[in-house]
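**Q** Here you go, work_33.cif (mmCIF, C-alpha atoms (C1' of nucleotides)):
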```cif
data_my_file
#
loop_
_atom_site.label_atom_id
_atom_site.label_comp_id
_atom_site.auth_asym_id
_atom_site.auth_seq_id
_atom_site.Cartn_x
_atom_site.Cartn_y
_atom_site.Cartn_z
CA MET M 24 -7.20 17.26 37.98
CA ALA M 25 -8.93 14.61 35.97
CA ASN M 26 -7.16 13.78 32.78
CA GLY M 27 -8.80 10.78 31.23
CA LYS M 28 -5.62 8.83 30.62
CA HIS M 29 -5.88 5.13 30.90
CA GLY M 30 -5.71 3.94 34.46
CA GLU M 31 -5.71 7.38 36.02
CA ARG M 32 -8.54 9.33 37.56
CA THR M 33 -11.06 10.72 35.14
CA ALA M 34 -14.16 12.84 35.36
CA ALA M 35 -16.39 10.61 33.28
CA ALA M 36 -19.76 9.99 34.86
CA GLU M 37 -19.11 6.59 36.27
CA ALA M 38 -15.43 7.25 36.39
CA MET M 39 -15.39 10.17 38.77
CA ARG M 40 -14.08 7.75 41.29
CA PRO M 41 -11.10 5.54 40.55
CA HIS M 42 -12.29 2.29 39.07
CA ASP M 43 -11.01 -0.83 37.45
CA HIS M 44 -10.74 0.50 33.98
CA GLY M 45 -9.71 -2.87 32.60
CA ASP M 46 -13.13 -4.16 33.63
CA CYS M 47 -14.69 -1.09 32.13
CA ILE M 48 -13.08 -1.81 28.76
CA ARG M 49 -13.83 -5.51 28.82
CA ARG M 50 -17.43 -4.96 29.71
CA VAL M 51 -18.06 -2.51 26.88
CA LEU M 52 -16.03 -4.46 24.35
CA ASP M 53 -17.84 -7.69 25.16
CA GLU M 54 -21.14 -5.98 24.85
CA ALA M 55 -20.14 -4.48 21.51
CA GLU M 56 -18.96 -7.85 20.27
CA ARG M 57 -22.24 -9.42 21.33
CA ARG M 58 -24.36 -6.69 19.75
CA ALA M 59 -22.37 -6.82 16.54
CA SER M 60 -22.81 -10.56 16.09
CA GLU M 61 -26.44 -10.28 17.06
CA ASP M 62 -26.95 -7.58 14.42
CA LYS M 63 -24.85 -9.49 11.91
CA VAL M 64 -22.56 -6.56 11.32
CA ASN M 65 -18.91 -6.93 10.61
CA PHE M 66 -16.85 -6.02 13.65
CA THR M 67 -13.58 -6.06 11.71
CA PRO M 68 -10.11 -5.70 13.24
CA VAL M 69 -9.72 -2.04 12.40
CA ARG M 70 -13.14 -1.26 13.84
CA ARG M 71 -12.46 -3.22 16.95
CA HIS M 72 -9.07 -1.66 17.41
CA ALA M 73 -10.53 1.81 16.99
CA LEU M 74 -13.02 1.07 19.72
CA GLU M 75 -10.29 -0.31 21.96
CA ILE M 76 -8.29 2.86 21.50
CA LEU M 77 -11.23 5.08 22.37
CA LEU M 78 -11.99 2.91 25.36
CA GLU M 79 -8.55 3.49 26.81
CA SER M 80 -9.76 6.64 28.40
CA HIS M 81 -12.98 8.42 29.23
CA ALA M 82 -11.72 11.49 27.41
CA ALA M 83 -12.72 12.40 23.87
CA MET M 84 -10.12 11.82 21.17
CA PRO M 85 -9.87 13.74 17.91
CA ALA M 86 -10.15 11.78 14.69
CA TYR M 87 -6.54 12.42 13.81
CA GLY M 88 -5.40 11.23 17.19
CA LEU M 89 -7.26 8.01 16.59
CA LEU M 90 -5.81 7.82 13.10
CA LYS M 91 -2.30 8.11 14.46
CA ARG M 92 -2.97 5.25 16.82
CA LEU M 93 -4.54 3.13 14.12
CA ASP M 94 -1.55 3.79 11.91
CA ALA M 95 0.76 2.69 14.72
CA GLY M 96 -1.28 -0.50 14.84
CA GLY M 97 -0.65 -1.08 11.15
CA PHE M 98 -4.08 -0.11 9.90
CA GLY M 99 -3.00 2.68 7.56
CA SER M 100 -2.35 6.36 7.86
CA GLN M 101 -4.97 7.97 5.66
CA PRO M 102 -7.92 9.91 7.10
CA PRO M 103 -10.59 7.59 5.66
CA VAL M 104 -9.20 4.80 7.82
CA ALA M 105 -10.21 6.65 10.94
CA TYR M 106 -13.39 8.18 9.62
CA ARG M 107 -14.68 4.89 8.30
CA ALA M 108 -14.11 3.19 11.59
CA LEU M 109 -15.78 6.08 13.37
CA ASP M 110 -18.75 6.01 11.00
CA PHE M 111 -19.26 2.37 11.75
CA LEU M 112 -18.85 2.71 15.49
CA ILE M 113 -21.13 5.72 15.66
CA GLY M 114 -23.67 3.94 13.50
CA GLN M 115 -23.66 1.04 15.92
CA GLY M 116 -23.92 3.39 18.86
CA PHE M 117 -20.58 2.30 20.28
CA VAL M 118 -19.08 5.75 19.94
CA HIS M 119 -20.43 9.28 20.22
CA LYS M 120 -19.14 12.44 18.67
CA VAL M 121 -18.66 15.32 21.05
CA GLU M 122 -19.64 18.18 18.79
CA ARG M 123 -18.23 20.87 20.98
CA LEU M 124 -14.76 19.33 20.72
CA ASN M 125 -14.95 17.72 17.30
CA ALA M 126 -13.78 14.62 19.05
CA TYR M 127 -14.99 11.12 19.71
CA VAL M 128 -15.64 9.14 22.82
CA ALA M 129 -16.54 5.52 23.46
CA CYS M 130 -20.07 5.02 24.67
CA MET M 131 -20.32 3.81 28.23
CA TYR M 132 -23.85 2.51 27.75
CA PRO M 133 -23.68 0.42 24.60
CA HIS M 134 -26.33 -1.93 25.90
CA GLU M 135 -29.15 0.46 25.22
CA THR M 136 -30.02 2.94 22.54
CA HIS M 137 -30.09 6.32 24.13
CA THR M 138 -29.46 9.99 23.73
CA PRO M 139 -26.16 10.80 25.37
CA ALA M 140 -25.38 13.99 27.22
CA PHE M 141 -21.93 15.20 28.14
CA LEU M 142 -20.24 17.23 30.80
CA ILE M 143 -17.08 18.62 29.27
CA CYS M 144 -14.36 20.17 31.36
CA ARG M 145 -12.88 23.14 29.54
CA THR M 146 -9.61 22.78 31.38
CA CYS M 147 -8.76 19.11 31.32
CA ARG M 148 -11.12 18.23 28.48
CA SER M 149 -12.43 15.22 30.32
CA VAL M 150 -15.84 14.11 29.16
CA ALA M 151 -18.49 12.57 31.35
CA GLU M 152 -21.32 10.78 29.62
CA THR M 153 -24.70 10.58 31.19
CA CYS M 154 -27.60 8.63 29.88
CA VAL M 155 -30.71 10.76 29.75
CA SER M 156 -34.08 11.42 28.23
CA PRO M 157 -34.25 12.06 24.48
CA ALA M 158 -34.27 15.85 24.61
CA PRO M 159 -34.79 18.74 27.00
CA ALA M 160 -38.44 19.39 27.69
CA ALA M 161 -38.34 22.88 26.23
CA LEU M 162 -37.06 21.59 22.91
CA LEU M 163 -39.62 18.82 22.80
CA GLN M 164 -42.33 21.33 23.42
CA GLU M 165 -41.09 23.70 20.76
CA ALA M 166 -40.81 20.78 18.36
CA ARG M 167 -44.39 19.74 19.01
CA ALA M 168 -45.59 23.29 18.60
CA THR M 169 -43.94 23.72 15.23
CA GLY M 170 -44.40 20.26 13.76
CA PHE M 171 -40.70 19.44 13.92
CA ALA M 172 -39.83 15.75 14.21
CA ILE M 173 -36.76 15.31 16.41
CA GLU M 174 -34.62 12.36 15.39
CA CYS M 175 -31.65 12.82 17.64
CA SER M 176 -30.27 15.45 19.91
CA VAL M 177 -27.05 16.77 21.24
CA MET M 178 -26.72 17.89 24.83
CA GLU M 179 -23.35 19.10 25.95
CA ALA M 180 -22.49 21.22 28.92
CA GLU M 181 -19.12 22.86 29.28
CA GLY M 182 -17.64 23.99 32.53
CA LEU M 183 -15.21 22.93 35.19
CA CYS M 184 -15.02 19.49 36.65
CA ARG M 185 -14.50 19.18 40.38
CA ASP M 186 -10.77 18.72 39.97
CA CYS M 187 -10.36 21.88 37.91
CA ALA M 188 -12.64 23.95 40.13
CA PRO M 189 -11.00 27.38 40.85
CA GLY M 190 -9.74 30.06 38.31
CA ALA M 191 -10.38 31.66 34.88
CA GLY M 192 -13.29 32.98 32.80
CA ALA M 193 -16.03 31.26 30.86
CA PRO M 194 -15.26 29.90 27.39
CA CYS M 195 -18.68 30.51 25.88
CA GLY M 196 -20.57 33.38 24.30
CA MET W 17 -39.86 23.10 2.59
CA ALA W 18 -38.35 25.82 4.73
CA ASN W 19 -35.16 27.19 3.35
CA GLY W 20 -34.11 30.13 5.41
CA LYS W 21 -33.40 32.45 2.51
CA HIS W 22 -34.11 36.08 3.08
CA GLY W 23 -37.74 36.91 2.61
CA GLU W 24 -38.94 33.36 2.11
CA ARG W 25 -40.47 30.96 4.57
CA THR W 26 -38.17 29.57 7.20
CA ALA W 27 -38.49 27.15 10.05
CA ALA W 28 -36.91 29.32 12.71
CA ALA W 29 -38.89 29.37 15.93
CA GLU W 30 -40.66 32.64 15.48
CA ALA W 31 -40.36 32.37 11.76
CA MET W 32 -42.32 29.20 11.17
CA ARG W 33 -44.98 31.45 9.87
CA PRO W 34 -44.26 34.08 7.22
CA HIS W 35 -43.32 37.30 8.90
CA ASP W 36 -41.96 40.72 8.14
CA HIS W 37 -38.34 39.83 8.12
CA GLY W 38 -37.31 43.42 7.64
CA ASP W 39 -38.81 44.18 11.04
CA CYS W 40 -37.11 41.14 12.41
CA ILE W 41 -33.72 42.42 11.26
CA ARG W 42 -34.28 45.95 12.40
CA ARG W 43 -35.44 44.89 15.80
CA VAL W 44 -32.40 42.73 16.46
CA LEU W 45 -29.97 45.18 14.92
CA ASP W 46 -31.33 48.06 16.99
CA GLU W 47 -31.14 46.01 20.11
CA ALA W 48 -27.55 45.02 19.30
CA GLU W 49 -26.65 48.64 18.64
CA ARG W 50 -28.18 49.65 21.95
CA ARG W 51 -26.48 46.89 23.89
CA ALA W 52 -23.15 47.64 22.28
CA SER W 53 -23.21 51.32 23.18
CA GLU W 54 -24.47 50.48 26.65
CA ASP W 55 -21.57 48.07 27.13
CA LYS W 56 -19.15 50.50 25.53
CA VAL W 57 -17.97 47.96 23.02
CA ASN W 58 -17.02 48.84 19.52
CA PHE W 59 -19.69 47.85 17.05
CA THR W 60 -17.49 48.50 14.03
CA PRO W 61 -18.62 48.35 10.39
CA VAL W 62 -17.28 44.87 9.72
CA ARG W 63 -18.92 43.54 12.87
CA ARG W 64 -22.17 45.22 12.06
CA HIS W 65 -22.12 44.02 8.50
CA ALA W 66 -21.40 40.46 9.61
CA LEU W 67 -24.44 40.58 11.87
CA GLU W 68 -26.56 42.01 9.07
CA ILE W 69 -25.52 39.17 6.81
CA LEU W 70 -26.38 36.54 9.38
CA LEU W 71 -29.68 38.26 10.03
CA GLU W 72 -30.71 37.94 6.41
CA SER W 73 -32.00 34.50 7.12
CA HIS W 74 -32.89 32.27 10.02
CA ALA W 75 -30.59 29.59 8.66
CA ALA W 76 -27.08 28.98 9.94
CA MET W 77 -24.24 30.17 7.72
CA PRO W 78 -20.76 28.65 7.63
CA ALA W 79 -17.85 30.94 8.47
CA TYR W 80 -16.56 30.81 4.93
CA GLY W 81 -19.94 31.73 3.55
CA LEU W 82 -19.93 34.74 5.79
CA LEU W 83 -16.37 35.49 4.73
CA LYS W 84 -17.34 35.47 1.10
CA ARG W 85 -20.10 37.95 1.79
CA LEU W 86 -17.84 40.17 3.85
CA ASP W 87 -15.31 40.11 1.06
CA ALA W 88 -18.00 41.13 -1.40
CA GLY W 89 -18.70 44.02 0.94
CA GLY W 90 -15.08 45.12 0.77
CA PHE W 91 -14.02 43.89 4.19
CA GLY W 92 -11.28 41.53 3.09
CA SER W 93 -11.06 37.93 2.02
CA GLN W 94 -8.92 36.28 4.68
CA PRO W 95 -10.39 33.89 7.24
CA PRO W 96 -9.50 36.03 10.25
CA VAL W 97 -11.85 38.70 8.94
CA ALA W 98 -14.81 36.40 9.44
CA TYR W 99 -13.59 34.70 12.59
CA ARG W 100 -12.78 37.97 14.31
CA ALA W 101 -16.22 39.30 13.59
CA LEU W 102 -17.78 36.06 14.76
CA ASP W 103 -15.72 36.05 17.96
CA PHE W 104 -16.98 39.49 18.76
CA LEU W 105 -20.59 38.77 17.92
CA ILE W 106 -20.60 35.53 19.85
CA GLY W 107 -18.90 37.22 22.78
CA GLN W 108 -21.68 39.81 22.82
CA GLY W 109 -24.32 37.12 22.50
CA PHE W 110 -25.53 38.46 19.15
CA VAL W 111 -24.63 35.25 17.35
CA HIS W 112 -24.59 31.57 18.27
CA LYS W 113 -22.55 28.79 16.85
CA VAL W 114 -24.52 25.73 15.80
CA GLU W 115 -22.01 23.03 16.73
CA ARG W 116 -23.72 20.32 14.80
CA LEU W 117 -23.30 22.26 11.57
CA ASN W 118 -20.15 24.22 12.31
CA ALA W 119 -22.15 27.20 11.27
CA TYR W 120 -23.35 30.44 12.77
CA VAL W 121 -26.73 31.98 13.27
CA ALA W 122 -27.89 35.37 14.46
CA CYS W 123 -29.48 35.31 17.88
CA MET W 124 -33.16 36.09 17.87
CA TYR W 125 -33.19 37.00 21.55
CA PRO W 126 -30.30 39.44 21.96
CA HIS W 127 -32.13 41.29 24.71
CA GLU W 128 -31.43 38.68 27.30
CA THR W 129 -28.58 36.43 28.19
CA HIS W 130 -29.73 32.90 27.73
CA THR W 131 -28.85 29.41 26.74
CA PRO W 132 -30.05 28.82 23.23
CA ALA W 133 -31.42 25.55 21.91
CA PHE W 134 -31.84 24.68 18.27
CA LEU W 135 -34.06 22.59 16.09
CA ILE W 136 -32.07 21.76 12.97
CA CYS W 137 -33.68 20.32 9.89
CA ARG W 138 -31.38 17.77 8.31
CA THR W 139 -32.93 18.33 4.91
CA CYS W 140 -33.23 22.06 4.47
CA ARG W 141 -30.76 22.96 7.20
CA SER W 142 -33.08 25.56 8.64
CA VAL W 143 -32.40 26.37 12.26
CA ALA W 144 -35.01 27.33 14.80
CA GLU W 145 -33.78 28.95 17.97
CA THR W 146 -35.67 28.57 21.17
CA CYS W 147 -34.89 30.27 24.39
CA VAL W 148 -34.81 27.82 27.24
CA SER W 149 -33.56 26.95 30.68
CA PRO W 150 -29.79 26.72 31.18
CA ALA W 151 -29.49 22.96 30.81
CA PRO W 152 -31.55 19.80 30.74
CA ALA W 153 -32.50 18.64 34.20
CA ALA W 154 -30.63 15.37 33.88
CA LEU W 155 -27.38 17.15 33.13
CA LEU W 156 -27.86 19.57 35.97
CA GLN W 157 -28.44 16.70 38.31
CA GLU W 158 -25.41 14.81 37.09
CA ALA W 159 -23.36 17.97 37.41
CA ARG W 160 -24.48 18.50 41.00
CA ALA W 161 -23.76 14.90 41.84
CA THR W 162 -20.21 15.02 40.53
CA GLY W 163 -19.23 18.54 41.49
CA PHE W 164 -19.14 19.78 37.94
CA ALA W 165 -19.78 23.50 37.45
CA ILE W 166 -21.71 24.07 34.23
CA GLU W 167 -20.84 27.34 32.53
CA CYS W 168 -22.70 26.99 29.29
CA SER W 169 -24.50 24.35 27.39
CA VAL W 170 -25.33 23.28 23.92
CA MET W 171 -28.71 21.81 23.08
CA GLU W 172 -29.35 20.91 19.51
CA ALA W 173 -31.94 18.59 18.08
CA GLU W 174 -31.77 17.34 14.54
CA GLY W 175 -34.70 16.04 12.57
CA LEU W 176 -37.23 17.11 10.00
CA CYS W 177 -39.07 20.37 10.03
CA ARG W 178 -42.73 20.31 9.15
CA ASP W 179 -42.04 21.26 5.55
CA CYS W 180 -39.57 18.43 5.03
CA ALA W 181 -41.74 15.88 6.81
CA PRO W 182 -41.90 12.63 4.72
CA GLY W 183 -38.97 10.39 3.47
CA ALA W 184 -35.45 9.09 4.32
CA GLY W 185 -33.54 7.66 7.30
CA ALA W 186 -32.09 9.27 10.41
CA PRO W 187 -28.76 11.09 10.16
CA CYS W 188 -27.48 10.23 13.64
CA GLY W 189 -25.80 7.31 15.31
"C1'" DC H 30 0.83 68.77 20.41
"C1'" DT H 31 3.13 64.59 21.23
"C1'" DT H 32 3.45 60.28 22.78
"C1'" DC H 33 1.84 56.11 24.42
"C1'" DA H 34 -1.22 52.14 25.11
"C1'" DG H 35 -4.75 49.40 23.68
"C1'" DA H 36 -8.11 47.87 20.33
"C1'" DA H 37 -8.98 46.79 15.84
"C1'" DT H 38 -7.64 45.48 11.35
"C1'" DA H 39 -4.63 43.53 7.56
"C1'" DG H 40 -2.21 39.86 5.87
"C1'" DT H 41 0.46 35.48 5.67
"C1'" DA H 42 0.83 31.05 6.71
"C1'" DT H 43 -0.54 26.78 8.36
"C1'" DA H 44 -3.10 23.61 11.39
"C1'" DA H 45 -6.96 20.66 12.11
"C1'" DT H 46 -11.07 18.41 10.60
"C1'" DA H 47 -13.56 15.91 7.04
"C1'" DT H 48 -15.07 14.01 2.58
"C1'" DA H 49 -15.02 12.80 -2.53
"C1'" DA H 50 -13.81 9.67 -5.78
"C1'" DC H 51 -11.95 5.73 -7.69
"C1'" DA H 52 -9.31 1.29 -7.50
"C1'" DT H 53 -8.73 -3.17 -5.35
"C1'" DT H 54 -9.61 -7.07 -2.52
"C1'" DG H 55 -12.02 -10.80 -0.48
"C1'" DC H 56 -15.78 -13.38 0.56
"C1'" DA H 57 -20.78 -15.29 0.42
"C1'" DG H 58 -24.09 -17.05 -2.36
"C1'" DT H 59 -25.19 -19.09 -6.70
"C1'" DA U 17 -16.08 -19.82 -11.91
"C1'" DC U 18 -19.09 -15.77 -11.54
"C1'" DT U 19 -21.12 -12.12 -9.41
"C1'" DG U 20 -22.43 -8.79 -6.18
"C1'" DC U 21 -21.49 -6.46 -2.10
"C1'" DA U 22 -18.95 -4.89 1.84
"C1'" DA U 23 -14.66 -3.49 3.26
"C1'" DT U 24 -10.35 -1.57 2.47
"C1'" DG U 25 -6.56 1.00 -0.01
"C1'" DT U 26 -5.13 5.31 -2.02
"C1'" DT U 27 -5.00 9.89 -3.78
"C1'" DA U 28 -6.59 14.19 -3.71
"C1'" DT U 29 -9.05 17.96 -2.03
"C1'" DA U 30 -12.62 20.45 0.63
"C1'" DT U 31 -13.81 22.70 4.82
"C1'" DT U 32 -13.10 24.78 9.21
"C1'" DA U 33 -10.10 27.32 12.28
"C1'" DT U 34 -6.03 29.47 14.45
"C1'" DA U 35 -1.16 31.31 15.15
"C1'" DC U 36 1.54 34.98 14.39
"C1'" DT U 37 3.41 39.39 12.76
"C1'" DA U 38 2.75 43.94 11.25
"C1'" DT U 39 0.12 48.07 10.81
"C1'" DT U 40 -3.38 51.54 11.74
"C1'" DC U 41 -6.43 54.11 14.48
"C1'" DT U 42 -7.95 56.45 18.48
"C1'" DG U 43 -8.30 58.35 22.81
"C1'" DA U 44 -6.00 59.56 27.16
"C1'" DA U 45 -1.87 61.17 29.68
"C1'" DG U 46 1.61 64.14 29.84
#
```
In structure tokens, what does this structure look like?

**A**
Amino acid sequence: MANGKHGERTAAAEAMRPHDHGDCIRRVLDEAERRASEDKVNFTPVRRHALEILLESHAAMPAYGLLKRLDAGGFGSQPPVAYRALDFLIGQGFVHKVERLNAYVACMYPHETHTPAFLICRTCRSVAETCVSPAPAALLQEARATGFAIECSVMEAEGLCRDCAPGAGAPCG
Amino acid sequence: MANGKHGERTAAAEAMRPHDHGDCIRRVLDEAERRASEDKVNFTPVRRHALEILLESHAAMPAYGLLKRLDAGGFGSQPPVAYRALDFLIGQGFVHKVERLNAYVACMYPHETHTPAFLICRTCRSVAETCVSPAPAALLQEARATGFAIECSVMEAEGLCRDCAPGAGAPCG
DNA sequence: CTTCAGAATAGTATAATATAACATTGCAGT
DNA sequence: ACTGCAATGTTATATTATACTATTCTGAAG
């Protein structure tokens, strides 16, 4: 099955097939670096390291997992360390939160502002990001009808990735 | 602004306009009762009371808010009381979890299995449920392309409801 | 009627996620 | 040097959720 560990097969959208993940990381990191200097925001060591950690795999990582890694890197062990880095990275659009998992994943499309959508495997917890339209048509329509102004949306589908295909029952109600 | 309190205006889909919320509650409760007996599941007092509490408003309620109310009703004060009731209600499709808020809302369409979608006001936290297709087209397409089997999906849009229309910046990154 | 199995509830403890609040540092602009 | 702001350090606590064990209730089998 897919497992999202660095260098192994993952189920992330563009990572369904084995790929040079080193390239993957470099590409995104370079883009982030470029965007940050362009926007004159402070891409500090802890922020950069947090992004590097999340980029190691296409799987979502919980905040406390990230914190542990940051601590190992000498950036401190208290929750605000991780949450501040995440706030920044999410603000810049370099990282997304996967609400369904309460976990965080590096954005694979940092070059464009977009509304992400995720395919989440309930078995291996791999997360595939796709880059789609701002919101499902039905929601847009309902919003128009009721005078609701959509600012951002969350689209997450849970199920089984190809590699986890056979057994078990649905996780949702 | 909309506020979702019982008997006042709310921004929930069918509740954008003032309505007889008593009818609203009765209708859903009756339907739940019917479905429960049809499915031979045990709609016990604590489960029923939990649903009644959530039905009081079209806003999402956190688990510990529900717990407090259940405790006030004599059903116990420990977290499992609320989470067990929620597990049941969600399993039956009578309640949805709003992932973005980590909060729970009574389903307004208990008569049909469906994938819910929500419009969440970031100011008044009102939640409007709409009843839509299983997943956004783009996700379905991506799923097909990668062999991912979608079992359920989450669609949540955050923004400003009509009543909260003017000021402030976006909450998302 | 008794016993047994399963569902539901009660209760305890703790895990996991997230933020508030305040102190300190370091640097850019004046 | 001073000042103002962004970032970081630190402590504490809030919020959300689950694991686990024991007990009670109820209905079906014997």

**Q** Any idea what's packed within 8 Å of region 62-74 of chain M, counting only C-alpha atoms (C1' of nucleotides), ignoring anything in its chain fewer than 3 positions away? Could you give it as a list in words?

**A**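 Those residues are Leu52, Glu56, Arg58, Ala59, Leu77, Leu78, Leu89, Leu93, Phe98, Ala105, Ala108, Leu109, Phe111, Leu112, Phe117, Val118 and Ala129 of chain M.
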
**Q** Mind checking which residues fall within 10 Å of region 19-28 of chain U, counting only C-alpha atoms (C1' of nucleotides), ignoring those fewer than 5 positions away in the same chain, and posting them as an mmCIF file with C-alpha atoms (C1' of nucleotides), keeping the file's coordinate frame?

**A**
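The file below, result.cif, is the result:
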```
data_model
loop_
_atom_site.group_PDB
_atom_site.id
_atom_site.type_symbol
_atom_site.label_atom_id
_atom_site.label_comp_id
_atom_site.auth_asym_id
_atom_site.auth_seq_id
_atom_site.Cartn_x
_atom_site.Cartn_y
_atom_site.Cartn_z
ATOM 1 C CA ASN M 65 -18.910 -6.930 10.610
ATOM 2 C CA THR M 67 -13.580 -6.060 11.710
ATOM 3 C CA VAL M 69 -9.720 -2.040 12.400
ATOM 4 C CA PHE M 98 -4.080 -0.110 9.900
ATOM 5 C CA GLY M 99 -3.000 2.680 7.560
ATOM 6 C CA GLN M 101 -4.970 7.970 5.660
ATOM 7 C CA PRO M 103 -10.590 7.590 5.660
ATOM 8 C CA VAL M 104 -9.200 4.800 7.820
ATOM 9 C CA ARG M 107 -14.680 4.890 8.300
ATOM 10 C "C1'" DA H 49 -15.020 12.800 -2.530
ATOM 11 C "C1'" DA H 50 -13.810 9.670 -5.780
ATOM 12 C "C1'" DC H 51 -11.950 5.730 -7.690
ATOM 13 C "C1'" DA H 52 -9.310 1.290 -7.500
ATOM 14 C "C1'" DT H 53 -8.730 -3.170 -5.350
ATOM 15 C "C1'" DT H 54 -9.610 -7.070 -2.520
ATOM 16 C "C1'" DG H 55 -12.020 -10.800 -0.480
ATOM 17 C "C1'" DC H 56 -15.780 -13.380 0.560
ATOM 18 C "C1'" DA H 57 -20.780 -15.290 0.420
ATOM 19 C "C1'" DG H 58 -24.090 -17.050 -2.360
ATOM 20 C "C1'" DT H 59 -25.190 -19.090 -6.700
#
```

**Q** Which residues of chain W have any atom within 6 Å of an atom in chain M when counting all atoms listed in the file, and what is the closest pair of atoms for each, with the distance in Å to one decimal? Order the rows by chain and rising number and write it as CSV.

**A**
```
residue,atom,partner,partner_atom,distance
W:Ile106,CA,M:Gly196,CA,4.9
W:Gly107,CA,M:Gly196,CA,4.5
W:Gly109,CA,M:Gly196,CA,5.6
W:Glu115,CA,M:Glu122,CA,5.8
W:Pro152,CA,M:Pro159,CA,5.1
W:Gly163,CA,M:Arg185,CA,4.9
W:Phe164,CA,M:Cys184,CA,4.3
W:Ala165,CA,M:Leu183,CA,5.1
W:Ile166,CA,M:Gly182,CA,4.4
W:Glu167,CA,M:Gly182,CA,4.6
W:Cys168,CA,M:Glu181,CA,5.5
W:Ser169,CA,M:Ala180,CA,4.0
W:Val170,CA,M:Glu179,CA,5.1
W:Met171,CA,M:Met178,CA,4.7
W:Glu172,CA,M:Val177,CA,5.0
W:Ala173,CA,M:Ser176,CA,4.0
W:Glu174,CA,M:Cys175,CA,5.5
W:Gly175,CA,M:Ile173,CA,4.4
W:Leu176,CA,M:Ala172,CA,5.1
W:Cys177,CA,M:Phe171,CA,4.3
W:Arg178,CA,M:Gly170,CA,4.9
W:Gly189,CA,M:Gly114,CA,4.4
```

**Q** Output the selection as a PDB file, in the frame of the given file - C-alpha atoms for each residue.

**A**
```pdb
ATOM      1  CA  ILE W 106     -20.600  35.530  19.850  1.00  0.00           C
ATOM      2  CA  GLY W 107     -18.900  37.220  22.780  1.00  0.00           C
ATOM      3  CA  GLY W 109     -24.320  37.120  22.500  1.00  0.00           C
ATOM      4  CA  GLU W 115     -22.010  23.030  16.730  1.00  0.00           C
ATOM      5  CA  PRO W 152     -31.550  19.800  30.740  1.00  0.00           C
ATOM      6  CA  GLY W 163     -19.230  18.540  41.490  1.00  0.00           C
ATOM      7  CA  PHE W 164     -19.140  19.780  37.940  1.00  0.00           C
ATOM      8  CA  ALA W 165     -19.780  23.500  37.450  1.00  0.00           C
ATOM      9  CA  ILE W 166     -21.710  24.070  34.230  1.00  0.00           C
ATOM     10  CA  GLU W 167     -20.840  27.340  32.530  1.00  0.00           C
ATOM     11  CA  CYS W 168     -22.700  26.990  29.290  1.00  0.00           C
ATOM     12  CA  SER W 169     -24.500  24.350  27.390  1.00  0.00           C
ATOM     13  CA  VAL W 170     -25.330  23.280  23.920  1.00  0.00           C
ATOM     14  CA  MET W 171     -28.710  21.810  23.080  1.00  0.00           C
ATOM     15  CA  GLU W 172     -29.350  20.910  19.510  1.00  0.00           C
ATOM     16  CA  ALA W 173     -31.940  18.590  18.080  1.00  0.00           C
ATOM     17  CA  GLU W 174     -31.770  17.340  14.540  1.00  0.00           C
ATOM     18  CA  GLY W 175     -34.700  16.040  12.570  1.00  0.00           C
ATOM     19  CA  LEU W 176     -37.230  17.110  10.000  1.00  0.00           C
ATOM     20  CA  CYS W 177     -39.070  20.370  10.030  1.00  0.00           C
ATOM     21  CA  ARG W 178     -42.730  20.310   9.150  1.00  0.00           C
ATOM     22  CA  GLY W 189     -25.800   7.310  15.310  1.00  0.00           C
TER      23      GLY W 189
END
```

**Q** For the provided coordinates, the residues matched by the PyMOL selection byres ((chain H and resi 34) around 10) should be stated as a ChimeraX atom specification.

**A** /H:32-33,35-36 /U:43-44

**Q** For C1' of DT41 (chain H) and CA of Ala119 (chain W), determine how far apart the two atoms are, in Å to one decimal place.

**A** 24.7 Å

**Q** I need the output of the PyMOL selection byres ((chain H) within 10 of (chain M)) for this file as a PyMOL selection string; which residues are they?

**A** chain H and resi 45-48

**Q** Just the selected residues (C-alpha atoms (C1' of nucleotides)), exported as a short mmCIF file (atom, residue, chain, number, x, y, z; two decimals), in the coordinates of the input, please.

**A**
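What follows is the written file result-v6.cif:
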```cif
data_model
loop_
_atom_site.label_atom_id
_atom_site.label_comp_id
_atom_site.auth_asym_id
_atom_site.auth_seq_id
_atom_site.Cartn_x
_atom_site.Cartn_y
_atom_site.Cartn_z
"C1'" DA H 45 -6.96 20.66 12.11
"C1'" DT H 46 -11.07 18.41 10.60
"C1'" DA H 47 -13.56 15.91 7.04
"C1'" DT H 48 -15.07 14.01 2.58
#
```

**Q** Calculate how many Å separate CA of Cys47 (chain M) from CA of Gly97 (chain M), rounding to one decimal.

**A**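 These atoms are spaced 25.2 Å apart.
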
**Q** Determine, counting all atoms listed in the file, which protein, DNA and RNA residues have an atom within 12 Å of an atom of DT43 (chain H); residues of the same chain fewer than 6 positions away are not included. Present the result as a VMD selection string.

**A** chain U and resid 33 to 36

**Q** Interatomic distance between CA of Arg141 (chain W) and CA of Pro139 (chain M)?

**A**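 Computed distance, CA of Arg141 (chain W) to CA of Pro139 (chain M), equals 22.3 Å.
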